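Engineer: Okay, handing you the structure first.
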Amino acid sequence: MNSSRSSRRHRGATAVALAVVTALLAGCGSSEDGSDNPLAEDKADGGTVVVGSNNFAESILLADIYGEALKAKGIKVTYKPNIGSRETTYGLLKNGSITVLPEYNGSLLAYLDPDAEQKSAESVNAAVKTKLDSKLTLLESAPAEDKDSVSVNAETAEKYGLSAESTLADLKDIAPDLVIGGSPEFQTRHQGLVGLEKEYGLKFKSFKALDAGGPLTQAALAKNTVQAADIFTTDPTITKEKFVVLRDPKNLFGFANVTPLVHKSGLSQKGVDTLNAVSAKLDTKTLLDLDTQVQLENKDPLDVARGWLKSVGLD
């Protein structure tokens with residue numbers, strides 16, 4: 001698994017995310033009925049499900065989606081938003097201060113067992129379950145993934161006839177004409193240039209060191225300073241700049257499926273079924289659209305969550 005994305009999940013500290021978090025702490029989004037102190041270790045009242053989130057925009061949105069779905073089924077819900085690192089959230093889950101947390105299966109496995117192989121989403125989930133604290137369990141994964149990708153800008157896609165159906169293998173003949181950008185580590189990691197050459201035979205014209213899917217990489221790709229770059233698959237810049245994300249059929253970039261992590265004793269079977277139903281309808285394209293509404297259109301994540309649940313009949 002690409003540790004640049006894992007680090008992003010640990011820290012939850014992109015500029016956009018911080019802006020959204022600031023707005024939430026000022027009184028919008030899921031904080032409307034959550035604790036003023038997200039790190040407070042007060043246990044939930046009997047029958048109350050506490051939905052937590054890390055301090056980045058997508059996690060807050062996902063917490064609202066799962067939490068509002070539970071509310072729609074008559075389950076009492078409170079929120080603990082903006083918590084922070086996985087070390088903190090995992091501890092709060094173990095002691096029952098949080099009942100539900102939207103996680104990313106591959107990132108969670110890497111946290112629990114850095115040396116674990118990730119060959120399929122199913123095997124990742126199975127491995128996670130063997131490593132979890134006995135009080136916790138993983139529910140079903142959504143098709144939606146937020147992970148590294150090689151994306152090309154609109155100009156490059158048009159020039160070479162690339163589309164959302166194109167794969168990394170389609171770059172083999174044109175890679176020598178392209179400059180690719182990413183974090184400095186992307187140049188030397190298997191889940192980077194090394195793996196792109198080994199798995200897909202890609203040899204690029206050159207590499208430009210930028211950042212881990214952040215504003216430098218986004219700007220360079222938009223300005224055609226680089227023609228391909230490591231961009232996260234639910235980054236709203238994809239929508240704004242009409243980047244084309246190339247499919248990765250060999251799963252070079254691992255797995256990062258949105259997956260609820262829960263404290264077993266705090267969630268009824270009705271709650272489990274509700275969260276699984278939500279995950280079944282959440283794919284990457286949908287999550288990208290919802291992230292775009294929150295991060296680019298400045299919509300309240302709680303409103304976005306409720307609107308999507310209604311649109312898929314889960315309200």
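Here, A, B, ... name the chains of the structure tokens in the order displayed, residue numbers run from 1 inside each chain, and ligands are numbered from 1 in the same displayed order.
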Neighbouring residues of A:Gln293 were defined as those with any atom within 9 Å, considering only C-alpha atoms; residues of the same chain fewer than 6 positions away were excluded. Please report them as an mmCIF file with N, CA and C atoms, in the first residue's frame.
Structural biologist:
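Written file, selection05.cif:
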data_model
loop_
_atom_site.group_PDB
_atom_site.id
_atom_site.type_symbol
_atom_site.label_atom_id
_atom_site.label_comp_id
_atom_site.auth_asym_id
_atom_site.auth_seq_id
_atom_site.Cartn_x
_atom_site.Cartn_y
_atom_site.Cartn_z
ATOM 1 N N PRO A 236 -11.527 16.112 -5.665
ATOM 2 C CA PRO A 236 -12.432 16.934 -6.476
ATOM 3 C C PRO A 236 -11.752 17.654 -7.631
ATOM 4 N N LYS A 299 -20.857 23.078 0.027
ATOM 5 C CA LYS A 299 -22.128 22.651 0.610
ATOM 6 C C LYS A 299 -21.878 22.000 1.964
ATOM 7 N N ASP A 300 -22.863 22.093 2.849
ATOM 8 C CA ASP A 300 -22.776 21.466 4.163
ATOM 9 C C ASP A 300 -22.750 19.952 3.984
ATOM 10 N N PRO A 301 -21.746 19.265 4.558
ATOM 11 C CA PRO A 301 -21.671 17.810 4.379
ATOM 12 C C PRO A 301 -22.896 17.075 4.897
ATOM 13 N N VAL A 304 -25.428 17.313 2.164
ATOM 14 C CA VAL A 304 -25.019 16.458 1.049
ATOM 15 C C VAL A 304 -25.306 14.996 1.383
#
Engineer: Applying 8 Å and only C-alpha atoms, which residues near A:Val226 remain after dropping the ones on its own chain fewer than 6 positions away? List them as an NGL selection string.
Structural biologist: :A and (178-181 or 208 or 220)
Engineer: According to DSSP computed on the backbone, where in stretch 94-239 of chain A is there strand (DSSP E)? Give the residues as number ranges by chain.
Structural biologist: A: 100-104, 136-138, 150-152, 179-182, 206-209, 228-230
Engineer: Can you spit out the residues from that selection as a PDB file, in the first residue's frame, using N, CA and C atoms?
Structural biologist:
ATOM      1  N   VAL A 100     -18.981   3.617  15.653  1.00  0.00           N
ATOM      2  CA  VAL A 100     -18.789   3.449  14.213  1.00  0.00           C
ATOM      3  C   VAL A 100     -17.775   4.471  13.716  1.00  0.00           C
ATOM      4  N   LEU A 101     -16.856   4.029  12.870  1.00  0.00           N
ATOM      5  CA  LEU A 101     -15.909   4.931  12.224  1.00  0.00           C
ATOM      6  C   LEU A 101     -15.750   4.511  10.767  1.00  0.00           C
ATOM      7  N   PRO A 102     -15.930   5.431   9.816  1.00  0.00           N
ATOM      8  CA  PRO A 102     -15.637   5.079   8.422  1.00  0.00           C
ATOM      9  C   PRO A 102     -14.135   4.916   8.240  1.00  0.00           C
ATOM     10  N   GLU A 103     -13.726   3.747   7.791  1.00  0.00           N
ATOM     11  CA  GLU A 103     -12.305   3.445   7.606  1.00  0.00           C
ATOM     12  C   GLU A 103     -12.027   3.135   6.136  1.00  0.00           C
ATOM     13  N   TYR A 104     -10.763   2.868   5.843  1.00  0.00           N
ATOM     14  CA  TYR A 104     -10.295   2.445   4.519  1.00  0.00           C
ATOM     15  C   TYR A 104      -9.562   1.129   4.734  1.00  0.00           C
ATOM     16  N   LEU A 136     -13.937  -5.400  18.353  1.00  0.00           N
ATOM     17  CA  LEU A 136     -14.222  -4.675  17.117  1.00  0.00           C
ATOM     18  C   LEU A 136     -14.474  -5.634  15.962  1.00  0.00           C
ATOM     19  N   THR A 137     -15.176  -5.128  14.962  1.00  0.00           N
ATOM     20  CA  THR A 137     -15.340  -5.904  13.733  1.00  0.00           C
ATOM     21  C   THR A 137     -15.448  -4.951  12.550  1.00  0.00           C
ATOM     22  N   LEU A 138     -15.202  -5.492  11.372  1.00  0.00           N
ATOM     23  CA  LEU A 138     -15.275  -4.744  10.121  1.00  0.00           C
ATOM     24  C   LEU A 138     -16.544  -5.152   9.395  1.00  0.00           C
ATOM     25  N   VAL A 150      -2.764   6.861 -11.295  1.00  0.00           N
ATOM     26  CA  VAL A 150      -2.115   7.661 -12.325  1.00  0.00           C
ATOM     27  C   VAL A 150      -3.237   8.293 -13.134  1.00  0.00           C
ATOM     28  N   SER A 151      -3.262   9.610 -13.134  1.00  0.00           N
ATOM     29  CA  SER A 151      -4.272  10.352 -13.885  1.00  0.00           C
ATOM     30  C   SER A 151      -3.575  11.239 -14.911  1.00  0.00           C
ATOM     31  N   VAL A 152      -4.258  11.485 -16.011  1.00  0.00           N
ATOM     32  CA  VAL A 152      -3.720  12.377 -17.045  1.00  0.00           C
ATOM     33  C   VAL A 152      -4.634  13.582 -17.169  1.00  0.00           C
ATOM     34  N   VAL A 179       5.766  13.377 -19.135  1.00  0.00           N
ATOM     35  CA  VAL A 179       6.400  13.656 -17.842  1.00  0.00           C
ATOM     36  C   VAL A 179       5.379  13.316 -16.766  1.00  0.00           C
ATOM     37  N   ILE A 180       5.791  12.542 -15.777  1.00  0.00           N
ATOM     38  CA  ILE A 180       4.895  12.154 -14.692  1.00  0.00           C
ATOM     39  C   ILE A 180       5.340  12.818 -13.393  1.00  0.00           C
ATOM     40  N   GLY A 181       4.370  13.218 -12.575  1.00  0.00           N
ATOM     41  CA  GLY A 181       4.693  13.887 -11.321  1.00  0.00           C
ATOM     42  C   GLY A 181       4.116  13.171 -10.119  1.00  0.00           C
ATOM     43  N   GLY A 182       4.723  13.401  -8.974  1.00  0.00           N
ATOM     44  CA  GLY A 182       4.256  12.805  -7.726  1.00  0.00           C
ATOM     45  C   GLY A 182       5.202  13.170  -6.599  1.00  0.00           C
ATOM     46  N   SER A 206      10.268  11.512 -18.175  1.00  0.00           N
ATOM     47  CA  SER A 206      10.976  11.984 -16.983  1.00  0.00           C
ATOM     48  C   SER A 206      10.008  12.045 -15.808  1.00  0.00           C
ATOM     49  N   PHE A 207      10.567  12.269 -14.624  1.00  0.00           N
ATOM     50  CA  PHE A 207       9.759  12.371 -13.403  1.00  0.00           C
ATOM     51  C   PHE A 207       9.994  13.732 -12.771  1.00  0.00           C
ATOM     52  N   LYS A 208       8.907  14.361 -12.300  1.00  0.00           N
ATOM     53  CA  LYS A 208       9.009  15.643 -11.612  1.00  0.00           C
ATOM     54  C   LYS A 208       8.551  15.462 -10.169  1.00  0.00           C
ATOM     55  N   ALA A 209       9.432  15.735  -9.223  1.00  0.00           N
ATOM     56  CA  ALA A 209       9.090  15.596  -7.806  1.00  0.00           C
ATOM     57  C   ALA A 209       8.207  16.757  -7.366  1.00  0.00           C
ATOM     58  N   ALA A 228       1.010  13.409 -16.641  1.00  0.00           N
ATOM     59  CA  ALA A 228       0.439  12.342 -15.821  1.00  0.00           C
ATOM     60  C   ALA A 228       0.906  12.571 -14.389  1.00  0.00           C
ATOM     61  N   ALA A 229       0.105  12.120 -13.420  1.00  0.00           N
ATOM     62  CA  ALA A 229       0.485  12.368 -12.028  1.00  0.00           C
ATOM     63  C   ALA A 229      -0.243  11.420 -11.099  1.00  0.00           C
ATOM     64  N   ASP A 230       0.313  11.307  -9.892  1.00  0.00           N
ATOM     65  CA  ASP A 230      -0.314  10.531  -8.823  1.00  0.00           C
ATOM     66  C   ASP A 230      -1.378  11.404  -8.164  1.00  0.00           C
TER      67      ASP A 230
END
Engineer: Name the residues of stretch 71-230 of chain A that come out as helix (DSSP H, G or I) in a backbone DSSP run; write them as a VMD selection string.
Structural biologist: chain A and resid 71 to 72 86 to 94 105 to 112 121 to 131 154 to 160 168 to 171 175 to 177 184 to 187 190 to 200 215 to 222
Engineer: Go ahead and write the selection's residues with C-alpha atoms as a PDB file, in the first residue's frame.
Structural biologist:
ATOM      1  CA  LYS A  71     -31.092   7.876  12.176  1.00  0.00           C
ATOM      2  CA  ALA A  72     -33.461   7.165   9.286  1.00  0.00           C
ATOM      3  CA  ARG A  86      -5.796   6.386  13.522  1.00  0.00           C
ATOM      4  CA  GLU A  87      -3.988   5.712  16.802  1.00  0.00           C
ATOM      5  CA  THR A  88      -6.549   7.894  18.582  1.00  0.00           C
ATOM      6  CA  THR A  89      -9.655   6.646  16.794  1.00  0.00           C
ATOM      7  CA  TYR A  90      -8.670   3.006  17.252  1.00  0.00           C
ATOM      8  CA  GLY A  91      -8.289   3.527  20.984  1.00  0.00           C
ATOM      9  CA  LEU A  92     -11.663   5.261  21.242  1.00  0.00           C
ATOM     10  CA  LEU A  93     -13.301   2.401  19.349  1.00  0.00           C
ATOM     11  CA  LYS A  94     -11.747  -0.183  21.654  1.00  0.00           C
ATOM     12  CA  ASN A 105      -9.619  -1.281   4.529  1.00  0.00           C
ATOM     13  CA  GLY A 106      -6.106  -1.340   3.058  1.00  0.00           C
ATOM     14  CA  SER A 107      -4.938   1.585   5.165  1.00  0.00           C
ATOM     15  CA  LEU A 108      -6.312  -0.052   8.297  1.00  0.00           C
ATOM     16  CA  LEU A 109      -4.551  -3.322   7.493  1.00  0.00           C
ATOM     17  CA  ALA A 110      -1.282  -1.481   6.950  1.00  0.00           C
ATOM     18  CA  TYR A 111      -1.713   0.106  10.384  1.00  0.00           C
ATOM     19  CA  LEU A 112      -2.443  -3.249  12.046  1.00  0.00           C
ATOM     20  CA  ALA A 121     -10.407  -6.458  -1.155  1.00  0.00           C
ATOM     21  CA  GLU A 122     -11.801  -9.677   0.301  1.00  0.00           C
ATOM     22  CA  SER A 123      -8.421 -10.928   1.487  1.00  0.00           C
ATOM     23  CA  VAL A 124      -7.635  -7.513   2.954  1.00  0.00           C
ATOM     24  CA  ASN A 125     -10.858  -7.547   4.974  1.00  0.00           C
ATOM     25  CA  ALA A 126     -10.234 -11.098   6.129  1.00  0.00           C
ATOM     26  CA  ALA A 127      -6.736 -10.160   7.256  1.00  0.00           C
ATOM     27  CA  VAL A 128      -8.007  -7.072   9.078  1.00  0.00           C
ATOM     28  CA  LYS A 129     -10.506  -9.178  11.029  1.00  0.00           C
ATOM     29  CA  THR A 130      -7.734 -11.451  12.286  1.00  0.00           C
ATOM     30  CA  LYS A 131      -5.766  -8.457  13.571  1.00  0.00           C
ATOM     31  CA  ALA A 154      -7.643  16.658 -20.332  1.00  0.00           C
ATOM     32  CA  GLU A 155      -5.178  17.769 -23.013  1.00  0.00           C
ATOM     33  CA  THR A 156      -3.240  14.506 -22.813  1.00  0.00           C
ATOM     34  CA  ALA A 157      -6.404  12.409 -22.723  1.00  0.00           C
ATOM     35  CA  GLU A 158      -7.711  14.089 -25.860  1.00  0.00           C
ATOM     36  CA  LYS A 159      -4.382  13.855 -27.672  1.00  0.00           C
ATOM     37  CA  TYR A 160      -4.026  10.114 -27.089  1.00  0.00           C
ATOM     38  CA  LEU A 168      -2.456   1.913 -17.236  1.00  0.00           C
ATOM     39  CA  ALA A 169      -1.507  -0.602 -19.910  1.00  0.00           C
ATOM     40  CA  ASP A 170      -2.776   1.883 -22.517  1.00  0.00           C
ATOM     41  CA  LEU A 171       0.126   4.174 -21.619  1.00  0.00           C
ATOM     42  CA  ALA A 175       4.684   6.941 -21.701  1.00  0.00           C
ATOM     43  CA  PRO A 176       8.059   7.883 -23.327  1.00  0.00           C
ATOM     44  CA  ASP A 177       6.390  11.148 -24.420  1.00  0.00           C
ATOM     45  CA  PRO A 184       9.655  12.264  -4.262  1.00  0.00           C
ATOM     46  CA  GLU A 185       9.038   8.752  -2.862  1.00  0.00           C
ATOM     47  CA  PHE A 186       6.824   7.900  -5.843  1.00  0.00           C
ATOM     48  CA  GLN A 187       9.963   7.681  -7.961  1.00  0.00           C
ATOM     49  CA  HIS A 190       6.968  -0.272  -6.018  1.00  0.00           C
ATOM     50  CA  GLN A 191       3.644   1.525  -5.719  1.00  0.00           C
ATOM     51  CA  GLY A 192       5.118   4.179  -7.962  1.00  0.00           C
ATOM     52  CA  LEU A 193       7.468   4.256 -10.944  1.00  0.00           C
ATOM     53  CA  VAL A 194       9.134   0.950 -10.038  1.00  0.00           C
ATOM     54  CA  GLY A 195       5.849  -0.940 -10.067  1.00  0.00           C
ATOM     55  CA  LEU A 196       4.516   0.917 -13.104  1.00  0.00           C
ATOM     56  CA  GLU A 197       7.482  -0.332 -15.086  1.00  0.00           C
ATOM     57  CA  LYS A 198       7.444  -3.840 -13.610  1.00  0.00           C
ATOM     58  CA  GLU A 199       3.686  -4.435 -13.818  1.00  0.00           C
ATOM     59  CA  TYR A 200       2.745  -2.405 -16.902  1.00  0.00           C
ATOM     60  CA  PRO A 215      -1.769  21.239  -4.578  1.00  0.00           C
ATOM     61  CA  LEU A 216       1.640  21.140  -6.269  1.00  0.00           C
ATOM     62  CA  THR A 217       0.759  17.960  -8.141  1.00  0.00           C
ATOM     63  CA  GLN A 218      -2.729  19.162  -8.965  1.00  0.00           C
ATOM     64  CA  ALA A 219      -1.452  22.479 -10.330  1.00  0.00           C
ATOM     65  CA  ALA A 220       1.347  20.889 -12.367  1.00  0.00           C
ATOM     66  CA  LEU A 221      -1.082  18.490 -14.017  1.00  0.00           C
ATOM     67  CA  ALA A 222      -3.636  21.234 -14.696  1.00  0.00           C
TER      68      ALA A 222
END
Engineer: Need to verify the contact set: A:Thr48, 9 Å, only C-alpha atoms, exclusion of same-chain residues closer than 4 positions in sequence. Can you return it as a list of chain:residue names?
Structural biologist: A:Ala44, A:Ile75, A:Lys76, A:Val77, A:Thr78, A:Thr99, A:Gly266, A:Leu267
